[in-house]
Amino acid sequence: MINNSLSNALEEMPVTFSTIFNNTISPTVSTITPLTKLAQMNNQQLLVAINTDIPAEISTEDIIREYDIQTNEIYTEHNEKKQQIVTAWRLLSYLLGSDISFPAPVEITELASASTTPENKLLTLYHSDPTKALIAKVLGCSPNAVNSEVAHAFFGRLAWLDTESITSVKAKAQLEKYLYGLQPFWDPAIQLGSDDYSELGRLLTSVPEELHHWMVQFKRGERLYLLTEWLPLASQKTLYDGFIKKTQQQGDDALSVFAGVIDRELKSLKQQYRDEVLGRALDTALASKNTFMLVMMYFNWNAVLEGATREQDLPTIDWSEPISLATRRDCYQRMATYLLNSSNVPGSEDWLDDAIEQAQQANGMQVLSLATTLRQARPQLERDQALKLAGLLLLPLPTQTPSLKPRPENAPDPLALIDSVPNITALLPTAGGIAPADALLDHFGLDLICQGSGADRKLSQSALDSWQLLMQTAQFEAFSAKLLQQLNWYGGHKNEQTSVRVSQALVGRAMVDHFTGSGASQAIERDFYKNGISEYRYSELMTKLREEIKTRNPALSVASVDILSYLLFRSIAPELLLSGVPDHLSYGRGLQSVALLHGAALLEAMSPGACQGAKFDDVVNLSAQLAANTHPEIQTLWASTRVRPALRYALAHGAISGIDDIRNATAAQITPAIHYLDAQQKLHAEALNRLNSKAPDRRALAEQQLTSAGVARDYWNSDPNPNQAELNKHHIATASQESWDRFKANIATRNNWGAGPHERSGYVPPPPVPYPPLVDLMMIGDRYVNGSDTVPTVYHRAFTAFSDTLTAAESTVIQRLLAELPAADRTLLATSTLEISRLTFGDQAASQGIFIRCQPGDHRDDFNQHLASAQEVYFELIPAAGVARRTPQQFTYLHSRERRYIPPETMSNAVEARREDDREQIARARLTPLLPFDSSAYINGTVARSAQTIPLPLKATLVPAAPLLFNTAANETATLQAIADAAAKHLLTDPIQHSEGDITLVKNVFIIVKHQPNLTKF
């Protein structure tokens, strides 16, 4: 520990600052270089000049009092040393303020950290404006001439180290290692005077402890620079040579090698294009210890390869301080820039700077924008390499990407004022060997968010989300600006920024028109508004439109088909973008699809783009929800958006004609279409109401008769025999033969065991059976109102009416579903032989679905033979879910069986047994479908939205109805009605029979067992 016995020595210095101030240097700017001027000044001149320019308030006395400078005997022997130390102290206090502690990490392990504190403090010392101003004034030069070399040399002159005793070779080697070696001089493990530094014990003994590290830094800084200072001074070749020579194999592309290293550092991130995510990941990787070691190794490796054998031959970089994150970024960015610019690139040498600047102006996808440009300029880069390289070049990236919600920014077409969308032919990029649409979308950055390559590449996310990304790239904005310029709209010229909603809608509409053939004789959009579209189901329609796009764009990749399909759907049929739409739903032919079309039109009218991602269940009910709204504007909107769905429906069912394009329908065509739709919806509602009819109730009928007869309620629930006189007054009669007597006799017989006289002692008579109450006897007909039908007779009549109503309503619903089938399916049913079956799943009967086996033509005589010429087609009906559709199914029909050898002596009996077995096997095979069914649909009436995701697929057994159906007149309407009648009857027979109920006795009380059919409808 340095003693403080001479703490007042500074006050006794022979050269005081008051006298130094009188020996000033002329401030005139010299024509000689700052380094030459510094070399010409002796120590005394330099110290005087420095102290002259340091404000007088930073005095020696203040320094001694504030910092308690401690000295020793050696210190007082050299006045010049005193002046140099005090000058250094004053200068540090002036430039750094009250905290002049050296910015050394606490532990050596912190050296690899990306801490900014040490670097910032040293940069403040060497490169702050006050530093440059002071050095410029001392040396008589411009502050701009004070570069790193001048600043380091200037502070190097202030370094005071006791080197008089450093004379031996060993001591000089230790000094070299201590001052300029790779081991940080501030390492707490270093002890001057011992171990590897045994000859340096007196090196800093004459320097106050607070200045130990500063004096070493001043001296070290004469030769070594911080990496952040060295990077601008080093040649680009020096910057990357070590990196490439350390990692590159012979023949490897240097850029690919560098990009590969960055890619491996972020191997956990795959195809990450979001600025904030990639930015954080890159910063984390750059701040790691591994990056510190790589940087140091790469730069030193180049020197070693070039013959460096001593530390002084290594690059002049000071590795004794942590490298900040900003410097690490700068280091890698400089290498990346050099490698990208090193190859022959068409155009300006500033292409990369321009690309970076353009990407930084992007609306949100900066990385995706730059990565797209990099891949176009450097095709050898893989997707991940381009994205991560772009992220590196753009650091620091925004911490949060602007969020563009699909609504309203991603609305389909808010350009109502545009009569004609600009043609984009002249704006398309060169396609090369790919489809033009692929080339344009790749220009926007599509390939970077795809999986796979070539025509088979696919989007890594939904088309909606992919478009959302592309519309935020710089390339997209530039393309939309050209379209806006053609329209002479705001946003088409430099420094004009228009709404993203407008620009993306304009580009999307222009792409739809160009790539789907708008205006051509076979334009997709024109065909879409014809009647033929209603022959498709939703899933089939989407497939058809996609195929139309592919036909018009040969060799188009799957990913681009998805994007163009999305743009087309949102433009002409936003309902196709809804989620959860059942794949069995027809397009415009069925009432449920009309509700969906109307709901989607309402939703889009109220909030353009809202169909994108909206749920089927919400939209399909929207029309009914708003129908009762009394607000005038809502009513007007409701009526206007209903027109096209009504036209589609009426055209599909032949209610109107003469319309080639529903957009051009006249009022004379719209009115009957609306009326037809109203009528059909009313008929359907009535059928559903009838299906909700309740079965008659025996007890209610009995109570009604008792009430009409005037019997007091006190008599209803008690034994009528004691009260018969009173009941006679109300004409309550007793049946000639009571069901109760027969039932009671059966009870007695079962309990009397037939005991004889010799067994009387062991006989226990059964307990008396209570007599049923009056209302129960009325229910079974043992009591009745004289002159009126018994309750069982009334009940049977009411139940027959109920059954007929239910069956007729079910038939109406089924007939409507059959009429909503495509024309080809209706024609097939009308001209085929049909077998209608229910299903059973094991022991469970299914009462919610019908399976139809269809053999084209008249096969009433050979239906069960299942001839190969009769290609069977299968349909299923699930009335409760509103489903009628074709369905795939398979059977293994047995026409003969392999015969086994039968001994002659058993021939007669065995042949008959074999024939019977054959008949059973053949019959069983035709009733056993091989493919599983949607069991929830047939049992509960709940149909899976997609045939690909059936929740409970089970195999079933058919329960056919008789007879087979075939309409010799081939009348479609009559055939469909016959199918509906037969299907309704076969479907409801068992449920209706069960719902009629039985009367039984449980614990001496009559119970009516009833089963109400489950007929919940769509």
# chains A, B, ... in the order shown; residues from 1 in each chain; ligands from 1
>>> select_by_dssp(residues="stretch 155-301 of chain A", states="alpha helix (DSSP H)", output="PyMOL selection string")
chain A and resi 155-156+169-180+212-221+227-233+236-247+254-265+275-286+289-301
>>> residues_around(residues="A:Tyr126", least_positions_apart="2", cutoff="9 Å", atoms="only C-alpha atoms", output="VMD selection string")
chain A and resid 121 to 124 128 131 to 132 147 to 148 151 to 152 155
>>> residues_around(residues="A:Ser811", least_positions_apart="5", cutoff="8 Å", atoms="only C-alpha atoms", output="MDAnalysis selection string")
chainID A and resid 977 980:981 983:985
>>> residues_around(residues="stretch 777-793 of chain A", least_positions_apart="4", cutoff="7 Å", atoms="only C-alpha atoms", output="list in words")
Arg698, Arg699, Leu701, Ala702, His731, Ile732, Ala733, Thr734, Ala735, Glu738, Ser739, Pro772, Pro773 and Arg797 of chain A
>>> write_last_selection(atoms="all heavy atoms", output="mmCIF file, in the first residue's frame")
data_model
loop_
_atom_site.group_PDB
_atom_site.id
_atom_site.type_symbol
_atom_site.label_atom_id
_atom_site.label_comp_id
_atom_site.auth_asym_id
_atom_site.auth_seq_id
_atom_site.Cartn_x
_atom_site.Cartn_y
_atom_site.Cartn_z
ATOM 1 N N ARG A 698 -100.854 -39.725 -22.890
ATOM 2 C CA ARG A 698 -101.994 -40.486 -22.367
ATOM 3 C C ARG A 698 -102.564 -39.846 -21.103
ATOM 4 O O ARG A 698 -103.778 -39.709 -20.942
ATOM 5 C CB ARG A 698 -101.564 -41.919 -22.042
ATOM 6 C CG ARG A 698 -101.186 -42.773 -23.231
ATOM 7 C CD ARG A 698 -100.677 -44.122 -22.734
ATOM 8 N NE ARG A 698 -100.074 -44.904 -23.787
ATOM 9 C CZ ARG A 698 -100.723 -45.818 -24.508
ATOM 10 N NH1 ARG A 698 -101.994 -46.027 -24.266
ATOM 11 N NH2 ARG A 698 -100.109 -46.510 -25.440
ATOM 12 N N ARG A 699 -101.708 -39.500 -20.196
ATOM 13 C CA ARG A 699 -102.183 -38.936 -18.931
ATOM 14 C C ARG A 699 -102.916 -37.619 -19.169
ATOM 15 O O ARG A 699 -103.960 -37.348 -18.558
ATOM 16 C CB ARG A 699 -101.017 -38.748 -17.965
ATOM 17 C CG ARG A 699 -101.436 -38.216 -16.589
ATOM 18 C CD ARG A 699 -100.267 -38.202 -15.617
ATOM 19 N NE ARG A 699 -99.822 -39.564 -15.320
ATOM 20 C CZ ARG A 699 -100.361 -40.339 -14.388
ATOM 21 N NH1 ARG A 699 -101.380 -39.890 -13.663
ATOM 22 N NH2 ARG A 699 -99.890 -41.548 -14.167
ATOM 23 N N LEU A 701 -104.535 -36.800 -21.819
ATOM 24 C CA LEU A 701 -105.837 -37.112 -22.404
ATOM 25 C C LEU A 701 -106.820 -37.602 -21.330
ATOM 26 O O LEU A 701 -108.014 -37.236 -21.337
ATOM 27 C CB LEU A 701 -105.677 -38.170 -23.504
ATOM 28 C CG LEU A 701 -104.919 -37.719 -24.768
ATOM 29 C CD1 LEU A 701 -104.696 -38.902 -25.700
ATOM 30 C CD2 LEU A 701 -105.691 -36.621 -25.488
ATOM 31 N N ALA A 702 -106.342 -38.448 -20.406
ATOM 32 C CA ALA A 702 -107.187 -38.950 -19.324
ATOM 33 C C ALA A 702 -107.652 -37.812 -18.426
ATOM 34 O O ALA A 702 -108.831 -37.708 -18.050
ATOM 35 C CB ALA A 702 -106.423 -39.999 -18.521
ATOM 36 N N HIS A 731 -120.890 -40.176 -15.160
ATOM 37 C CA HIS A 731 -120.903 -41.127 -16.273
ATOM 38 C C HIS A 731 -119.564 -41.845 -16.446
ATOM 39 O O HIS A 731 -119.173 -42.186 -17.568
ATOM 40 C CB HIS A 731 -121.285 -40.425 -17.595
ATOM 41 C CG HIS A 731 -122.530 -39.610 -17.505
ATOM 42 N ND1 HIS A 731 -123.797 -40.174 -17.386
ATOM 43 C CD2 HIS A 731 -122.719 -38.249 -17.469
ATOM 44 C CE1 HIS A 731 -124.707 -39.200 -17.305
ATOM 45 N NE2 HIS A 731 -124.080 -38.016 -17.343
ATOM 46 N N ILE A 732 -118.862 -42.060 -15.363
ATOM 47 C CA ILE A 732 -117.623 -42.834 -15.418
ATOM 48 C C ILE A 732 -117.995 -44.295 -15.302
ATOM 49 O O ILE A 732 -118.477 -44.760 -14.257
ATOM 50 C CB ILE A 732 -116.649 -42.439 -14.299
ATOM 51 C CG1 ILE A 732 -116.342 -40.929 -14.358
ATOM 52 C CG2 ILE A 732 -115.366 -43.251 -14.400
ATOM 53 C CD1 ILE A 732 -115.716 -40.492 -15.659
ATOM 54 N N ALA A 733 -117.739 -45.036 -16.389
ATOM 55 C CA ALA A 733 -118.135 -46.443 -16.440
ATOM 56 C C ALA A 733 -116.916 -47.342 -16.310
ATOM 57 O O ALA A 733 -115.775 -46.910 -16.495
ATOM 58 C CB ALA A 733 -118.878 -46.721 -17.746
ATOM 59 N N THR A 734 -117.223 -48.615 -15.999
ATOM 60 C CA THR A 734 -116.171 -49.615 -15.860
ATOM 61 C C THR A 734 -116.211 -50.544 -17.060
ATOM 62 O O THR A 734 -117.293 -50.983 -17.488
ATOM 63 C CB THR A 734 -116.358 -50.428 -14.570
ATOM 64 O OG1 THR A 734 -116.387 -49.524 -13.461
ATOM 65 C CG2 THR A 734 -115.252 -51.426 -14.388
ATOM 66 N N ALA A 735 -115.037 -50.848 -17.588
ATOM 67 C CA ALA A 735 -114.955 -51.746 -18.742
ATOM 68 C C ALA A 735 -115.456 -53.127 -18.349
ATOM 69 O O ALA A 735 -115.327 -53.562 -17.197
ATOM 70 C CB ALA A 735 -113.525 -51.827 -19.242
ATOM 71 N N GLU A 738 -111.611 -55.852 -17.292
ATOM 72 C CA GLU A 738 -110.568 -54.904 -16.920
ATOM 73 C C GLU A 738 -109.169 -55.494 -17.141
ATOM 74 O O GLU A 738 -108.911 -56.649 -16.817
ATOM 75 C CB GLU A 738 -110.702 -54.507 -15.450
ATOM 76 C CG GLU A 738 -111.950 -53.695 -15.148
ATOM 77 C CD GLU A 738 -111.960 -53.216 -13.712
ATOM 78 O OE1 GLU A 738 -112.374 -53.991 -12.846
ATOM 79 O OE2 GLU A 738 -111.519 -52.067 -13.486
ATOM 80 N N SER A 739 -108.309 -54.674 -17.677
ATOM 81 C CA SER A 739 -106.901 -55.076 -17.819
ATOM 82 C C SER A 739 -106.286 -55.295 -16.442
ATOM 83 O O SER A 739 -105.427 -56.162 -16.256
ATOM 84 C CB SER A 739 -106.127 -53.993 -18.573
ATOM 85 O OG SER A 739 -106.671 -53.807 -19.855
ATOM 86 N N PRO A 772 -105.206 -49.474 -8.587
ATOM 87 C CA PRO A 772 -104.690 -48.252 -9.228
ATOM 88 C C PRO A 772 -105.651 -47.091 -9.050
ATOM 89 O O PRO A 772 -106.864 -47.285 -8.909
ATOM 90 C CB PRO A 772 -104.579 -48.646 -10.703
ATOM 91 C CG PRO A 772 -104.569 -50.139 -10.720
ATOM 92 C CD PRO A 772 -105.402 -50.565 -9.553
ATOM 93 N N PRO A 773 -105.121 -45.858 -9.116
ATOM 94 C CA PRO A 773 -105.974 -44.672 -9.033
ATOM 95 C C PRO A 773 -106.800 -44.522 -10.306
ATOM 96 O O PRO A 773 -106.525 -45.137 -11.347
ATOM 97 C CB PRO A 773 -104.985 -43.522 -8.851
ATOM 98 C CG PRO A 773 -103.714 -44.021 -9.435
ATOM 99 C CD PRO A 773 -103.686 -45.495 -9.167
ATOM 100 N N ARG A 797 -105.604 -42.634 -32.092
ATOM 101 C CA ARG A 797 -105.969 -41.750 -33.198
ATOM 102 C C ARG A 797 -105.035 -40.527 -33.248
ATOM 103 O O ARG A 797 -104.571 -40.129 -34.312
ATOM 104 C CB ARG A 797 -107.424 -41.323 -33.028
ATOM 105 C CG ARG A 797 -107.964 -40.556 -34.231
ATOM 106 C CD ARG A 797 -109.492 -40.462 -34.203
ATOM 107 N NE ARG A 797 -109.988 -39.918 -32.945
ATOM 108 C CZ ARG A 797 -110.747 -40.598 -32.078
ATOM 109 N NH1 ARG A 797 -111.066 -41.878 -32.325
ATOM 110 N NH2 ARG A 797 -111.182 -40.040 -30.969
#
>>> atom_distance(atom1="atom CA of A:Pro879", atom2="atom CA of A:Ser657")
29.3 Å
>>> residues_around(residues="A:Leu266", least_positions_apart="2", cutoff="12 Å", atoms="only C-alpha atoms", output="PyMOL selection string")
chain A and resi 259-264+268-272+277-286+288+291+384-385+387-389+391-392
>>> closest_atom_pairs(of="stretch 448-518 of chain A", to="stretch 525-549 of chain A", cutoff="12 Å", atoms="only C-alpha atoms", output="tab-separated table")
residue	atom	partner	partner_atom	distance
A:Arg509	CA	A:Glu525	CA	11.7
A:Met511	CA	A:Ile549	CA	11.7
A:Val512	CA	A:Glu525	CA	9.2
A:Asp513	CA	A:Glu525	CA	8.8
A:His514	CA	A:Ile549	CA	11.0
A:Phe515	CA	A:Ile549	CA	7.5
A:Thr516	CA	A:Ile549	CA	5.9
A:Gly517	CA	A:Glu525	CA	8.3
A:Ser518	CA	A:Glu525	CA	6.9
>>> closest_residue(among="A:Leu381, A:Leu987, A:Ile356, A:Leu175", to="A:Ala254", atoms="only C-alpha atoms")
A:Leu381
>>> atom_distance(atom1="atom CA of A:Thr163", atom2="atom CA of A:Leu182")
21.0 Å
>>> closest_residue(among="A:Ala555, A:Ile317, A:Ala287, A:Cys331", to="A:Glu222", atoms="only C-alpha atoms")
A:Ile317
